[in-house]
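Taking it in order: structure first as structure tokens, then the write-up.
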Amino acid sequence: MKQRNTWKKWIAAALSLSLLAAALALVPGTPRPPAGWLEGASRPFFRLISLGSDKVRQGFDLLAGTQDLRAENQALKEELAVLRPLAREGELAAGENRRLRSLLDLPGAGRDLDLTPAWITARSFDNWTRTVTLDKGTAQGLAAGQCVMDQAGALAGRITDLGGSWATVTLVTDPAFNAAGQTARSGIPGALAGDLSLLAAGELKLTCLTRADPVVRGETVVTFGGGRGYPSGLTVGTVDRLEDEPDGLTRRAVLTPAADLEGLGQVFVVTGFREAG
Amino acid sequence: MARLRPYAPAVTAVLLQVFLLSRLRLWGLCPPLVPAAVFLTGAEEGGDRGAAAGLLAGALLFLAGGSPWSLALYAALGGLAGAWVTAAGGFFGLWIRFLPLAAAMEGLLVLVHWPARSALAAAWALAGPELALTVLCFPAAALLPGLFRRRRVRPMY
């Protein structure tokens with residue numbers, strides 16, 4: 001039988017299709033219709049498999065982590081004993097703060113968030129990105145740029161792409177993630193971003209720090225909204241180490257995310273917020 | 001159905017990748033099964049079917065939210081595997097020949113991501129472990145064609 005040997009034509013066809021799809025993706029505001037259709041059609045299956053695999057993983061975690069949980073429980077009890085007196089002091093200080101604010105006619109401090117709960121239905125399957133897909137979209141009031149938090153209120157990522165009833169969230173460790181952040185204790189601002197070199201370790205970075213900035217290991221980093229469309233004060237992570245940037249002029253803090261990005265199930269999208277004070 | 005059988009391992013690998021392996025992390029990375037499955041289709045079925053299986057796998061990955069370049073990348077992998085490798089080399093021969101093609105594929109991924117996202121060294125820092133995982137996934141991918149081979153029924157008489 002004569003060998004057809006048309007594999008070069010197949011590759012040429014594939015390359016043409018790749019170029020066409022990549023060119024369409026470059027046009028601003030052009031959604032990827034096939035991806036959107038598949039998202040819609042496959043969502044029930046993704047949701048079912050997501051639920052099943054999460055339960056299996058939770059079961060394994062439970063079996064493997066009993067010993068760890070005991071140790072963690074003991075450590076938390078000790079921490080609680082230390083924190084209780086501090087909480088009482090905080091309550092007293094908050095009361096005093098309220099009274100002083102009322103004396104000076106200042107508005108109340110703090111923030112008020114409108115949250116929309118959503119479930120994760122799919123995760124990125126390649127090693128060059130870290131994204132998840134939610135089961136809510138524009139129909140539920142979601143919009144690009146909104147922050148997504150885990151159940152503990154830690155920042156998980158931001159919405160970058162969405163349709164009627166689905167949304168893609170770029171997680172904080174993705175190289176395409178960006179937001180403004182600041183250290184909670186010293187108040188040093190910086191740019192939060194993912195990095196390919198930190199992706200496998202599940203870390204992100206706070207860049208644009210100078211050598212004089214008093215950022216220390218273990219310090220908490222939070223978001224800094226500043227009118228950018230997301231709230232300030234969402235916990236992002238803690239400083240794991242400080243490194244010099246390749247340019248030698250600035251430093252970066254490598255952060256361990258506060259949210260458990262691999263174990264995300266239900267998340268909360270910040271669809272609105274009011275900040276005062 | 002028999003005409004579609006050569007493409008079944010690559011499609012199965014895509015489904016496993018999207019639904020199951022995307023939830024696993026080994027050394028922080030998701031095990032990539034599709035490259036080895038496409039390579040094996042090319043090596044066992046020839047360049048034509050290898051390239052077609054690669055195109056099909058890339059298209060499915062793209063539709064599931066992957067990069068549009070996966071179409072060209074996997075079609076090239078399947079086509080080149082069929083043109084360069086024959087299944088006569090045996091399991092270990094195929095595994096060894098998979099290594100340079102997988103390395104070339106990672107090199108292409110680095111080149112694609114380098115200008116867009118990060119420094120070259122950072123991209124290699126990710127590509128190196130991913131290459132190791134891709135090669136380690138080869139035995140698992142080699143089991144897939146066996147699932148779809150027609151079982152010969154021995155005559156009773």
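Every chain in the structure tokens takes a letter, A first, then B, and so on in the order presented; its residues are numbered from 1, and the ligands are numbered from 1 following the presented order.
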
Report task. Please provide as a PyMOL selection string all residues within 7 Å of Leu204 in chain A, with the sequence filter that same-chain residues fewer than 3 positions apart are discarded (counting only C-alpha atoms). Result -> chain A and resi 172-173+193-195+198+254-256

Write the selection just made, keeping N, CA and C atoms, as a short mmCIF file (atom, residue, chain, number, x, y, z; two decimals), in the first residue's frame?
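What landed in again.cif:
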data_model
loop_
_atom_site.label_atom_id
_atom_site.label_comp_id
_atom_site.auth_asym_id
_atom_site.auth_seq_id
_atom_site.Cartn_x
_atom_site.Cartn_y
_atom_site.Cartn_z
N VAL A 172 -2.96 34.38 42.18
CA VAL A 172 -1.89 35.32 42.54
C VAL A 172 -0.51 34.82 42.12
N THR A 173 -0.36 33.50 41.93
CA THR A 173 0.95 32.97 41.55
C THR A 173 1.18 32.93 40.03
N ALA A 193 3.12 40.54 41.88
CA ALA A 193 3.12 39.86 40.58
C ALA A 193 3.56 38.42 40.75
N GLY A 194 3.12 37.58 39.82
CA GLY A 194 3.61 36.22 39.78
C GLY A 194 4.90 36.19 38.97
N ASP A 195 5.58 35.05 39.00
CA ASP A 195 6.83 34.94 38.26
C ASP A 195 7.02 33.48 37.86
N LEU A 198 8.93 31.34 40.20
CA LEU A 198 8.31 31.04 41.50
C LEU A 198 7.06 30.18 41.36
N VAL A 254 9.77 37.73 48.30
CA VAL A 254 9.05 36.54 47.83
C VAL A 254 8.02 36.17 48.88
N LEU A 255 6.77 36.03 48.45
CA LEU A 255 5.67 35.82 49.38
C LEU A 255 5.09 34.40 49.27
N THR A 256 4.72 33.86 50.41
CA THR A 256 3.93 32.63 50.43
C THR A 256 2.46 33.05 50.50
#

Per-residue nearest contacts chain B to chain A, cut-off 6 Å, using only C-alpha atoms, as a Markdown table:
| residue | atom | partner | partner_atom | distance |
| --- | --- | --- | --- | --- |
| B:Val18 | CA | A:Phe125 | CA | 5.7 |
| B:Ser22 | CA | A:Phe125 | CA | 4.4 |
| B:Gly28 | CA | A:Ala200 | CA | 4.5 |
| B:Leu29 | CA | A:Ala200 | CA | 5.8 |
| B:Gly47 | CA | A:Trp7 | CA | 5.2 |
| B:Asp48 | CA | A:Trp7 | CA | 4.2 |
| B:Ala51 | CA | A:Trp7 | CA | 5.6 |
| B:Leu55 | CA | A:Ala14 | CA | 6.0 |
| B:Leu63 | CA | A:Ala35 | CA | 4.7 |
| B:Gly65 | CA | A:Ala35 | CA | 5.9 |
| B:Pro68 | CA | A:Ser18 | CA | 5.0 |
| B:Trp69 | CA | A:Ser18 | CA | 5.1 |
| B:Leu71 | CA | A:Ala14 | CA | 5.4 |
| B:Ala72 | CA | A:Leu15 | CA | 4.5 |
| B:Ala75 | CA | A:Ile11 | CA | 5.3 |
| B:Ala76 | CA | A:Ile11 | CA | 5.5 |
| B:Gly79 | CA | A:Trp7 | CA | 5.3 |
| B:Ala122 | CA | A:Ser197 | CA | 4.4 |
| B:Ala123 | CA | A:Leu196 | CA | 5.9 |
| B:Ala125 | CA | A:Ser197 | CA | 5.8 |

File of the preceding selection, N, CA and C atoms, as a tab-separated table (two decimals), in the first residue's frame:
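Full text of selection_19.tsv as output:
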chain	number	residue	atom	x	y	z
B	18	VAL	N	-7.10	17.11	31.49
B	18	VAL	CA	-7.99	18.23	31.84
B	18	VAL	C	-8.76	17.93	33.13
B	22	SER	N	-4.89	17.76	36.14
B	22	SER	CA	-4.80	19.19	36.46
B	22	SER	C	-4.95	19.42	37.96
B	28	GLY	N	5.20	20.59	42.56
B	28	GLY	CA	4.55	21.85	42.20
B	28	GLY	C	4.07	21.92	40.77
B	29	LEU	N	4.26	20.83	40.03
B	29	LEU	CA	3.87	20.85	38.61
B	29	LEU	C	2.85	19.76	38.32
B	47	GLY	N	3.42	9.06	10.59
B	47	GLY	CA	3.40	10.51	10.68
B	47	GLY	C	2.04	11.14	10.43
B	48	ASP	N	1.30	10.57	9.45
B	48	ASP	CA	-0.01	11.16	9.11
B	48	ASP	C	-0.97	11.13	10.29
B	51	ALA	N	0.34	13.24	13.27
B	51	ALA	CA	0.08	14.69	13.14
B	51	ALA	C	-1.41	14.99	13.33
B	55	LEU	N	-2.99	17.25	16.17
B	55	LEU	CA	-3.90	18.37	15.88
B	55	LEU	C	-5.19	18.24	16.68
B	63	LEU	N	-9.78	24.18	23.13
B	63	LEU	CA	-11.20	24.38	23.47
B	63	LEU	C	-11.43	24.33	24.97
B	65	GLY	N	-9.53	25.65	27.06
B	65	GLY	CA	-8.95	26.85	27.66
B	65	GLY	C	-7.45	26.94	27.54
B	68	PRO	N	-3.55	28.55	22.01
B	68	PRO	CA	-3.78	28.19	20.60
B	68	PRO	C	-2.57	27.52	19.96
B	69	TRP	N	-1.40	27.72	20.54
B	69	TRP	CA	-0.18	27.13	19.96
B	69	TRP	C	-0.11	25.63	20.18
B	71	LEU	N	-2.14	23.50	19.17
B	71	LEU	CA	-2.51	22.82	17.92
B	71	LEU	C	-1.26	22.51	17.09
B	72	ALA	N	-0.47	23.55	16.86
B	72	ALA	CA	0.73	23.39	16.01
B	72	ALA	C	1.78	22.54	16.71
B	75	ALA	N	0.70	18.80	16.78
B	75	ALA	CA	0.69	18.25	15.42
B	75	ALA	C	2.13	18.01	14.94
B	76	ALA	N	3.01	18.95	15.24
B	76	ALA	CA	4.42	18.79	14.86
B	76	ALA	C	5.05	17.62	15.60
B	79	GLY	N	3.66	14.37	14.05
B	79	GLY	CA	4.17	14.20	12.69
B	79	GLY	C	5.64	13.83	12.69
B	122	ALA	N	14.29	32.23	34.17
B	122	ALA	CA	13.09	31.86	34.92
B	122	ALA	C	12.26	30.85	34.13
B	123	ALA	N	12.18	31.06	32.81
B	123	ALA	CA	11.41	30.14	31.97
B	123	ALA	C	12.08	28.76	31.95
B	125	ALA	N	13.89	27.55	34.32
B	125	ALA	CA	13.72	26.98	35.66
B	125	ALA	C	12.41	26.21	35.76

Leaving out range 39-43 of chain B and any residue of its chain fewer than 3 positions from it, which residues lie within 6 Å of it when counting only C-alpha atoms, given as a CSV table (one decimal) with N, CA and C atoms, in the first residue's frame?
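The resulting selection37.csv:
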chain,number,residue,atom,x,y,z
B,36,ALA,N,3.5,12.6,25.5
B,36,ALA,CA,3.9,11.2,25.3
B,36,ALA,C,2.9,10.5,24.5
B,46,GLY,N,2.4,6.1,12.4
B,46,GLY,CA,2.9,6.8,11.3
B,46,GLY,C,2.7,8.3,11.4
B,47,GLY,N,3.4,9.1,10.6
B,47,GLY,CA,3.4,10.5,10.7
B,47,GLY,C,2.0,11.1,10.4
B,50,GLY,N,-0.1,10.5,13.3
B,50,GLY,CA,0.5,11.1,14.5
B,50,GLY,C,0.2,12.6,14.4
B,78,GLY,N,3.5,14.9,16.8
B,78,GLY,CA,3.0,13.6,16.3
B,78,GLY,C,3.6,13.3,14.9
B,81,ALA,N,7.3,12.5,15.1
B,81,ALA,CA,7.5,11.2,15.8
B,81,ALA,C,7.3,10.1,14.7
B,82,GLY,N,6.3,10.3,13.9
B,82,GLY,CA,6.0,9.3,12.8
B,82,GLY,C,7.1,9.2,11.8
B,85,VAL,N,10.7,8.1,14.1
B,85,VAL,CA,10.7,7.0,15.0
B,85,VAL,C,9.8,5.9,14.4
B,86,THR,N,10.2,4.6,14.7
B,86,THR,CA,9.3,3.5,14.4
B,86,THR,C,9.2,2.7,15.7
B,87,ALA,N,8.0,2.1,15.8
B,87,ALA,CA,7.7,1.4,17.0
B,87,ALA,C,8.6,0.1,17.2

**Report entry** Pro100 in chain B surroundings by only C-alpha atoms, 12 Å radius, close-in-sequence under 4 positions cut, as number ranges by chain
**Finding:** B: 39, 77, 80-81, 84-85, 94-96, 104-107, 131-132, 134-135

Assign secondary structure with DSSP using the backbone only, and return the residues of range 16-89 of chain B in helix (DSSP H, G or I) as a PDB file with N, CA and C atoms, in the first residue's frame.
ATOM      1  N   LEU B  16      -7.829  12.900  30.537  1.00  0.00           N
ATOM      2  CA  LEU B  16      -7.171  12.667  31.827  1.00  0.00           C
ATOM      3  C   LEU B  16      -6.448  13.931  32.287  1.00  0.00           C
ATOM      4  N   GLN B  17      -5.810  14.608  31.308  1.00  0.00           N
ATOM      5  CA  GLN B  17      -5.056  15.827  31.639  1.00  0.00           C
ATOM      6  C   GLN B  17      -5.982  16.927  32.176  1.00  0.00           C
ATOM      7  N   VAL B  18      -7.097  17.115  31.490  1.00  0.00           N
ATOM      8  CA  VAL B  18      -7.991  18.227  31.845  1.00  0.00           C
ATOM      9  C   VAL B  18      -8.764  17.928  33.132  1.00  0.00           C
ATOM     10  N   PHE B  19      -9.259  16.698  33.252  1.00  0.00           N
ATOM     11  CA  PHE B  19     -10.150  16.401  34.379  1.00  0.00           C
ATOM     12  C   PHE B  19      -9.439  15.878  35.616  1.00  0.00           C
ATOM     13  N   LEU B  21      -5.452  15.073  35.937  1.00  0.00           N
ATOM     14  CA  LEU B  21      -4.065  15.455  36.235  1.00  0.00           C
ATOM     15  C   LEU B  21      -3.919  16.935  36.583  1.00  0.00           C
ATOM     16  N   SER B  22      -4.886  17.762  36.141  1.00  0.00           N
ATOM     17  CA  SER B  22      -4.802  19.192  36.464  1.00  0.00           C
ATOM     18  C   SER B  22      -4.953  19.417  37.964  1.00  0.00           C
ATOM     19  N   ARG B  23      -5.451  18.413  38.688  1.00  0.00           N
ATOM     20  CA  ARG B  23      -5.637  18.539  40.144  1.00  0.00           C
ATOM     21  C   ARG B  23      -4.484  17.946  40.923  1.00  0.00           C
ATOM     22  N   VAL B  34      -0.099  14.344  27.746  1.00  0.00           N
ATOM     23  CA  VAL B  34      -0.470  14.448  26.323  1.00  0.00           C
ATOM     24  C   VAL B  34       0.740  14.340  25.385  1.00  0.00           C
ATOM     25  N   PRO B  35       1.883  14.979  25.673  1.00  0.00           N
ATOM     26  CA  PRO B  35       2.999  14.880  24.726  1.00  0.00           C
ATOM     27  C   PRO B  35       3.408  13.437  24.448  1.00  0.00           C
ATOM     28  N   ALA B  36       3.523  12.623  25.488  1.00  0.00           N
ATOM     29  CA  ALA B  36       3.942  11.231  25.282  1.00  0.00           C
ATOM     30  C   ALA B  36       2.878  10.453  24.512  1.00  0.00           C
ATOM     31  N   ALA B  37       1.594  10.727  24.790  1.00  0.00           N
ATOM     32  CA  ALA B  37       0.520  10.014  24.090  1.00  0.00           C
ATOM     33  C   ALA B  37       0.531  10.348  22.605  1.00  0.00           C
ATOM     34  N   VAL B  38       0.751  11.619  22.273  1.00  0.00           N
ATOM     35  CA  VAL B  38       0.794  12.025  20.855  1.00  0.00           C
ATOM     36  C   VAL B  38       2.024  11.430  20.174  1.00  0.00           C
ATOM     37  N   PHE B  39       3.152  11.460  20.876  1.00  0.00           N
ATOM     38  CA  PHE B  39       4.393  10.885  20.335  1.00  0.00           C
ATOM     39  C   PHE B  39       4.195   9.403  20.011  1.00  0.00           C
ATOM     40  N   LEU B  40       3.592   8.676  20.933  1.00  0.00           N
ATOM     41  CA  LEU B  40       3.403   7.235  20.739  1.00  0.00           C
ATOM     42  C   LEU B  40       2.456   6.949  19.582  1.00  0.00           C
ATOM     43  N   THR B  41       1.430   7.796  19.418  1.00  0.00           N
ATOM     44  CA  THR B  41       0.522   7.623  18.271  1.00  0.00           C
ATOM     45  C   THR B  41       1.302   7.777  16.969  1.00  0.00           C
ATOM     46  N   GLY B  42       2.168   8.801  16.917  1.00  0.00           N
ATOM     47  CA  GLY B  42       2.987   9.011  15.725  1.00  0.00           C
ATOM     48  C   GLY B  42       3.928   7.849  15.475  1.00  0.00           C
ATOM     49  N   ALA B  43       4.571   7.370  16.548  1.00  0.00           N
ATOM     50  CA  ALA B  43       5.557   6.297  16.404  1.00  0.00           C
ATOM     51  C   ALA B  43       4.903   4.985  15.976  1.00  0.00           C
ATOM     52  N   GLU B  44       3.705   4.719  16.464  1.00  0.00           N
ATOM     53  CA  GLU B  44       3.062   3.430  16.176  1.00  0.00           C
ATOM     54  C   GLU B  44       2.200   3.465  14.914  1.00  0.00           C
ATOM     55  N   GLU B  45       1.640   4.629  14.605  1.00  0.00           N
ATOM     56  CA  GLU B  45       0.679   4.688  13.494  1.00  0.00           C
ATOM     57  C   GLU B  45       1.213   5.436  12.273  1.00  0.00           C
ATOM     58  N   GLY B  47       3.420   9.055  10.588  1.00  0.00           N
ATOM     59  CA  GLY B  47       3.399  10.514  10.684  1.00  0.00           C
ATOM     60  C   GLY B  47       2.037  11.143  10.428  1.00  0.00           C
ATOM     61  N   ASP B  48       1.297  10.571   9.450  1.00  0.00           N
ATOM     62  CA  ASP B  48      -0.011  11.156   9.107  1.00  0.00           C
ATOM     63  C   ASP B  48      -0.966  11.134  10.294  1.00  0.00           C
ATOM     64  N   ARG B  49      -1.094   9.920  10.846  1.00  0.00           N
ATOM     65  CA  ARG B  49      -2.014   9.779  11.969  1.00  0.00           C
ATOM     66  C   ARG B  49      -1.459  10.461  13.219  1.00  0.00           C
ATOM     67  N   GLY B  50      -0.147  10.465  13.337  1.00  0.00           N
ATOM     68  CA  GLY B  50       0.468  11.147  14.481  1.00  0.00           C
ATOM     69  C   GLY B  50       0.172  12.635  14.449  1.00  0.00           C
ATOM     70  N   ALA B  51       0.341  13.241  13.265  1.00  0.00           N
ATOM     71  CA  ALA B  51       0.079  14.687  13.135  1.00  0.00           C
ATOM     72  C   ALA B  51      -1.407  14.987  13.332  1.00  0.00           C
ATOM     73  N   ALA B  52      -2.261  14.096  12.792  1.00  0.00           N
ATOM     74  CA  ALA B  52      -3.709  14.307  12.950  1.00  0.00           C
ATOM     75  C   ALA B  52      -4.110  14.167  14.418  1.00  0.00           C
ATOM     76  N   ALA B  53      -3.530  13.172  15.101  1.00  0.00           N
ATOM     77  CA  ALA B  53      -3.836  12.987  16.531  1.00  0.00           C
ATOM     78  C   ALA B  53      -3.340  14.195  17.337  1.00  0.00           C
ATOM     79  N   GLY B  54      -2.162  14.708  16.940  1.00  0.00           N
ATOM     80  CA  GLY B  54      -1.623  15.889  17.619  1.00  0.00           C
ATOM     81  C   GLY B  54      -2.517  17.104  17.413  1.00  0.00           C
ATOM     82  N   LEU B  55      -2.988  17.253  16.174  1.00  0.00           N
ATOM     83  CA  LEU B  55      -3.896  18.371  15.878  1.00  0.00           C
ATOM     84  C   LEU B  55      -5.191  18.239  16.681  1.00  0.00           C
ATOM     85  N   LEU B  56      -5.716  17.025  16.748  1.00  0.00           N
ATOM     86  CA  LEU B  56      -6.954  16.775  17.495  1.00  0.00           C
ATOM     87  C   LEU B  56      -6.747  17.064  18.993  1.00  0.00           C
ATOM     88  N   ALA B  57      -5.637  16.554  19.548  1.00  0.00           N
ATOM     89  CA  ALA B  57      -5.353  16.773  20.974  1.00  0.00           C
ATOM     90  C   ALA B  57      -5.162  18.268  21.263  1.00  0.00           C
ATOM     91  N   GLY B  58      -4.425  18.942  20.373  1.00  0.00           N
ATOM     92  CA  GLY B  58      -4.198  20.385  20.550  1.00  0.00           C
ATOM     93  C   GLY B  58      -5.488  21.174  20.476  1.00  0.00           C
ATOM     94  N   ALA B  59      -6.374  20.754  19.523  1.00  0.00           N
ATOM     95  CA  ALA B  59      -7.656  21.461  19.383  1.00  0.00           C
ATOM     96  C   ALA B  59      -8.508  21.283  20.635  1.00  0.00           C
ATOM     97  N   LEU B  60      -8.529  20.063  21.176  1.00  0.00           N
ATOM     98  CA  LEU B  60      -9.320  19.812  22.387  1.00  0.00           C
ATOM     99  C   LEU B  60      -8.762  20.606  23.576  1.00  0.00           C
ATOM    100  N   LEU B  61      -7.445  20.649  23.669  1.00  0.00           N
ATOM    101  CA  LEU B  61      -6.832  21.425  24.769  1.00  0.00           C
ATOM    102  C   LEU B  61      -7.147  22.908  24.610  1.00  0.00           C
ATOM    103  N   PHE B  62      -7.126  23.382  23.373  1.00  0.00           N
ATOM    104  CA  PHE B  62      -7.447  24.790  23.122  1.00  0.00           C
ATOM    105  C   PHE B  62      -8.891  25.092  23.514  1.00  0.00           C
ATOM    106  N   LEU B  63      -9.780  24.182  23.126  1.00  0.00           N
ATOM    107  CA  LEU B  63     -11.196  24.384  23.467  1.00  0.00           C
ATOM    108  C   LEU B  63     -11.434  24.331  24.973  1.00  0.00           C
ATOM    109  N   TRP B  69      -1.399  27.722  20.537  1.00  0.00           N
ATOM    110  CA  TRP B  69      -0.182  27.131  19.959  1.00  0.00           C
ATOM    111  C   TRP B  69      -0.110  25.625  20.183  1.00  0.00           C
ATOM    112  N   SER B  70      -0.982  25.123  21.069  1.00  0.00           N
ATOM    113  CA  SER B  70      -0.945  23.678  21.320  1.00  0.00           C
ATOM    114  C   SER B  70      -1.338  22.904  20.055  1.00  0.00           C
ATOM    115  N   LEU B  71      -2.135  23.503  19.171  1.00  0.00           N
ATOM    116  CA  LEU B  71      -2.505  22.822  17.918  1.00  0.00           C
ATOM    117  C   LEU B  71      -1.265  22.512  17.086  1.00  0.00           C
ATOM    118  N   ALA B  72      -0.466  23.555  16.857  1.00  0.00           N
ATOM    119  CA  ALA B  72       0.729  23.393  16.011  1.00  0.00           C
ATOM    120  C   ALA B  72       1.778  22.542  16.713  1.00  0.00           C
ATOM    121  N   LEU B  73       1.922  22.751  18.011  1.00  0.00           N
ATOM    122  CA  LEU B  73       2.965  22.062  18.774  1.00  0.00           C
ATOM    123  C   LEU B  73       2.750  20.548  18.771  1.00  0.00           C
ATOM    124  N   TYR B  74       1.526  20.127  19.075  1.00  0.00           N
ATOM    125  CA  TYR B  74       1.264  18.689  19.159  1.00  0.00           C
ATOM    126  C   TYR B  74       1.185  18.048  17.776  1.00  0.00           C
ATOM    127  N   ALA B  75       0.704  18.801  16.778  1.00  0.00           N
ATOM    128  CA  ALA B  75       0.695  18.248  15.417  1.00  0.00           C
ATOM    129  C   ALA B  75       2.125  18.007  14.940  1.00  0.00           C
ATOM    130  N   ALA B  76       3.014  18.948  15.242  1.00  0.00           N
ATOM    131  CA  ALA B  76       4.418  18.793  14.859  1.00  0.00           C
ATOM    132  C   ALA B  76       5.048  17.617  15.604  1.00  0.00           C
ATOM    133  N   LEU B  77       4.718  17.482  16.871  1.00  0.00           N
ATOM    134  CA  LEU B  77       5.279  16.379  17.672  1.00  0.00           C
ATOM    135  C   LEU B  77       4.844  15.028  17.107  1.00  0.00           C
ATOM    136  N   GLY B  78       3.540  14.885  16.816  1.00  0.00           N
ATOM    137  CA  GLY B  78       3.036  13.624  16.273  1.00  0.00           C
ATOM    138  C   GLY B  78       3.598  13.337  14.897  1.00  0.00           C
ATOM    139  N   GLY B  79       3.664  14.367  14.051  1.00  0.00           N
ATOM    140  CA  GLY B  79       4.174  14.196  12.690  1.00  0.00           C
ATOM    141  C   GLY B  79       5.643  13.826  12.687  1.00  0.00           C
ATOM    142  N   LEU B  80       6.425  14.529  13.476  1.00  0.00           N
ATOM    143  CA  LEU B  80       7.865  14.260  13.536  1.00  0.00           C
ATOM    144  C   LEU B  80       8.145  12.894  14.149  1.00  0.00           C
ATOM    145  N   ALA B  81       7.342  12.528  15.132  1.00  0.00           N
ATOM    146  CA  ALA B  81       7.521  11.205  15.751  1.00  0.00           C
ATOM    147  C   ALA B  81       7.323  10.107  14.704  1.00  0.00           C
ATOM    148  N   GLY B  82       6.302  10.264  13.855  1.00  0.00           N
ATOM    149  CA  GLY B  82       6.037   9.266  12.828  1.00  0.00           C
ATOM    150  C   GLY B  82       7.109   9.240  11.758  1.00  0.00           C
ATOM    151  N   ALA B  83       7.670  10.405  11.457  1.00  0.00           N
ATOM    152  CA  ALA B  83       8.676  10.473  10.403  1.00  0.00           C
ATOM    153  C   ALA B  83      10.038   9.976  10.887  1.00  0.00           C
ATOM    154  N   TRP B  84      10.288  10.089  12.184  1.00  0.00           N
ATOM    155  CA  TRP B  84      11.631   9.839  12.711  1.00  0.00           C
ATOM    156  C   TRP B  84      11.754   8.526  13.482  1.00  0.00           C
ATOM    157  N   ALA B  87       8.012   2.107  15.801  1.00  0.00           N
ATOM    158  CA  ALA B  87       7.714   1.352  17.021  1.00  0.00           C
ATOM    159  C   ALA B  87       8.618   0.136  17.171  1.00  0.00           C
ATOM    160  N   ALA B  88       9.338  -0.219  16.063  1.00  0.00           N
ATOM    161  CA  ALA B  88      10.199  -1.397  16.119  1.00  0.00           C
ATOM    162  C   ALA B  88      11.333  -1.232  17.130  1.00  0.00           C
ATOM    163  N   GLY B  89      11.605  -0.011  17.532  1.00  0.00           N
ATOM    164  CA  GLY B  89      12.696   0.251  18.469  1.00  0.00           C
ATOM    165  C   GLY B  89      12.436  -0.307  19.864  1.00  0.00           C
TER     166      GLY B  89
END

Query - Contacts of Gly248 in chain A within 12 Å, only C-alpha atoms, excl. fewer than 5 positions in-chain, as a PyMOL selection string - result: chain A and resi 208-211+243

Write the residues you've just listed into a file as an mmCIF file, in the first residue's frame, and include C-alpha atoms for each of them.
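File again_26.cif, as written:
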data_model
loop_
_atom_site.group_PDB
_atom_site.id
_atom_site.type_symbol
_atom_site.label_atom_id
_atom_site.label_comp_id
_atom_site.auth_asym_id
_atom_site.auth_seq_id
_atom_site.Cartn_x
_atom_site.Cartn_y
_atom_site.Cartn_z
ATOM 1 C CA CYS A 208 9.910 47.719 43.540
ATOM 2 C CA LEU A 209 11.376 47.637 47.054
ATOM 3 C CA THR A 210 14.530 49.564 47.859
ATOM 4 C CA ARG A 211 17.329 48.398 50.139
ATOM 5 C CA GLU A 243 16.055 38.898 47.086
#

Report task. Go through A:Ala93, A:Leu155, A:Ala87, A:Ala71 and flag the residue nearest Ala179 in chain A, using only C-alpha atoms for the distances. Result ->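 The answer is A:Leu155, which sits nearest to Ala179 in chain A.
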
Where in range 61-252 of chain A does DSSP assign strand (DSSP E or B), given as a compact mmCIF listing (two decimals) with C-alpha atoms, in the first residue's frame?
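Output saved as states-v4.txt:
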# COMPACT_ATOMS: atom_id res chain seq x y z
CA GLY A 110 -12.91 49.94 57.97
CA ARG A 111 -14.34 48.48 54.78
CA ASP A 112 -17.56 46.93 53.67
CA LEU A 113 -17.41 44.22 51.00
CA ASP A 114 -20.16 42.87 48.74
CA LEU A 115 -19.35 39.21 48.21
CA THR A 116 -20.71 36.77 45.65
CA PRO A 117 -20.00 33.11 46.44
CA ALA A 118 -18.85 30.89 43.58
CA TRP A 119 -17.50 27.37 43.07
CA ILE A 120 -14.43 26.38 41.14
CA THR A 121 -15.32 24.12 38.23
CA ALA A 122 -11.99 23.79 36.40
CA ARG A 123 -8.28 24.43 36.86
CA THR A 131 -5.95 29.89 36.58
CA VAL A 132 -9.27 28.51 37.77
CA THR A 133 -12.76 28.75 36.27
CA LEU A 134 -15.76 29.80 38.37
CA CYS A 147 -10.80 40.24 43.44
CA VAL A 148 -11.50 36.67 44.47
CA MET A 149 -10.99 35.57 48.09
CA ALA A 154 -7.25 35.81 51.76
CA LEU A 155 -6.75 36.99 48.19
CA ALA A 156 -6.75 34.10 45.71
CA GLY A 157 -6.65 36.04 42.43
CA ARG A 158 -8.44 38.40 40.08
CA ILE A 159 -10.98 37.83 37.31
CA THR A 160 -9.40 38.24 33.88
CA ASP A 161 -11.87 36.71 31.46
CA LEU A 162 -15.57 35.93 31.78
CA ALA A 167 -15.31 33.47 34.85
CA THR A 168 -11.59 32.77 34.63
CA VAL A 169 -9.58 33.81 37.67
CA THR A 170 -5.86 34.45 37.34
CA LEU A 171 -4.43 33.25 40.64
CA ASN A 178 -0.61 42.00 38.92
CA ALA A 179 -1.95 44.22 41.68
CA ALA A 180 -0.68 46.85 44.06
CA GLY A 181 0.25 45.74 47.55
CA GLN A 182 1.81 46.99 50.72
CA THR A 183 3.36 45.49 53.80
CA PRO A 189 4.03 49.84 48.87
CA GLY A 190 5.05 47.63 45.97
CA ALA A 191 3.81 45.75 42.92
CA LEU A 192 2.41 42.26 43.45
CA ALA A 193 3.12 39.86 40.58
CA LEU A 204 4.60 35.34 44.23
CA LYS A 205 6.64 38.52 44.61
CA LEU A 206 6.30 42.07 45.87
CA THR A 207 8.62 44.13 43.69
CA CYS A 208 9.91 47.72 43.54
CA LEU A 209 11.38 47.64 47.05
CA THR A 220 2.07 40.17 56.17
CA VAL A 221 1.41 41.77 52.79
CA VAL A 222 -2.04 43.14 51.89
CA THR A 223 -3.60 44.70 48.80
CA THR A 235 -4.40 39.54 52.95
CA VAL A 236 -2.14 38.35 50.14
CA GLY A 237 0.60 36.43 51.95
CA THR A 238 3.63 36.61 54.17
CA VAL A 239 7.20 37.53 53.29
CA ASP A 240 9.27 34.37 52.99
CA ARG A 241 12.57 35.93 51.88
CA LEU A 242 14.07 39.04 50.32
CA GLU A 243 16.06 38.90 47.09
CA ASP A 244 17.92 41.40 44.94
CA ARG A 251 14.78 44.22 45.88
CA ARG A 252 11.82 41.91 45.80
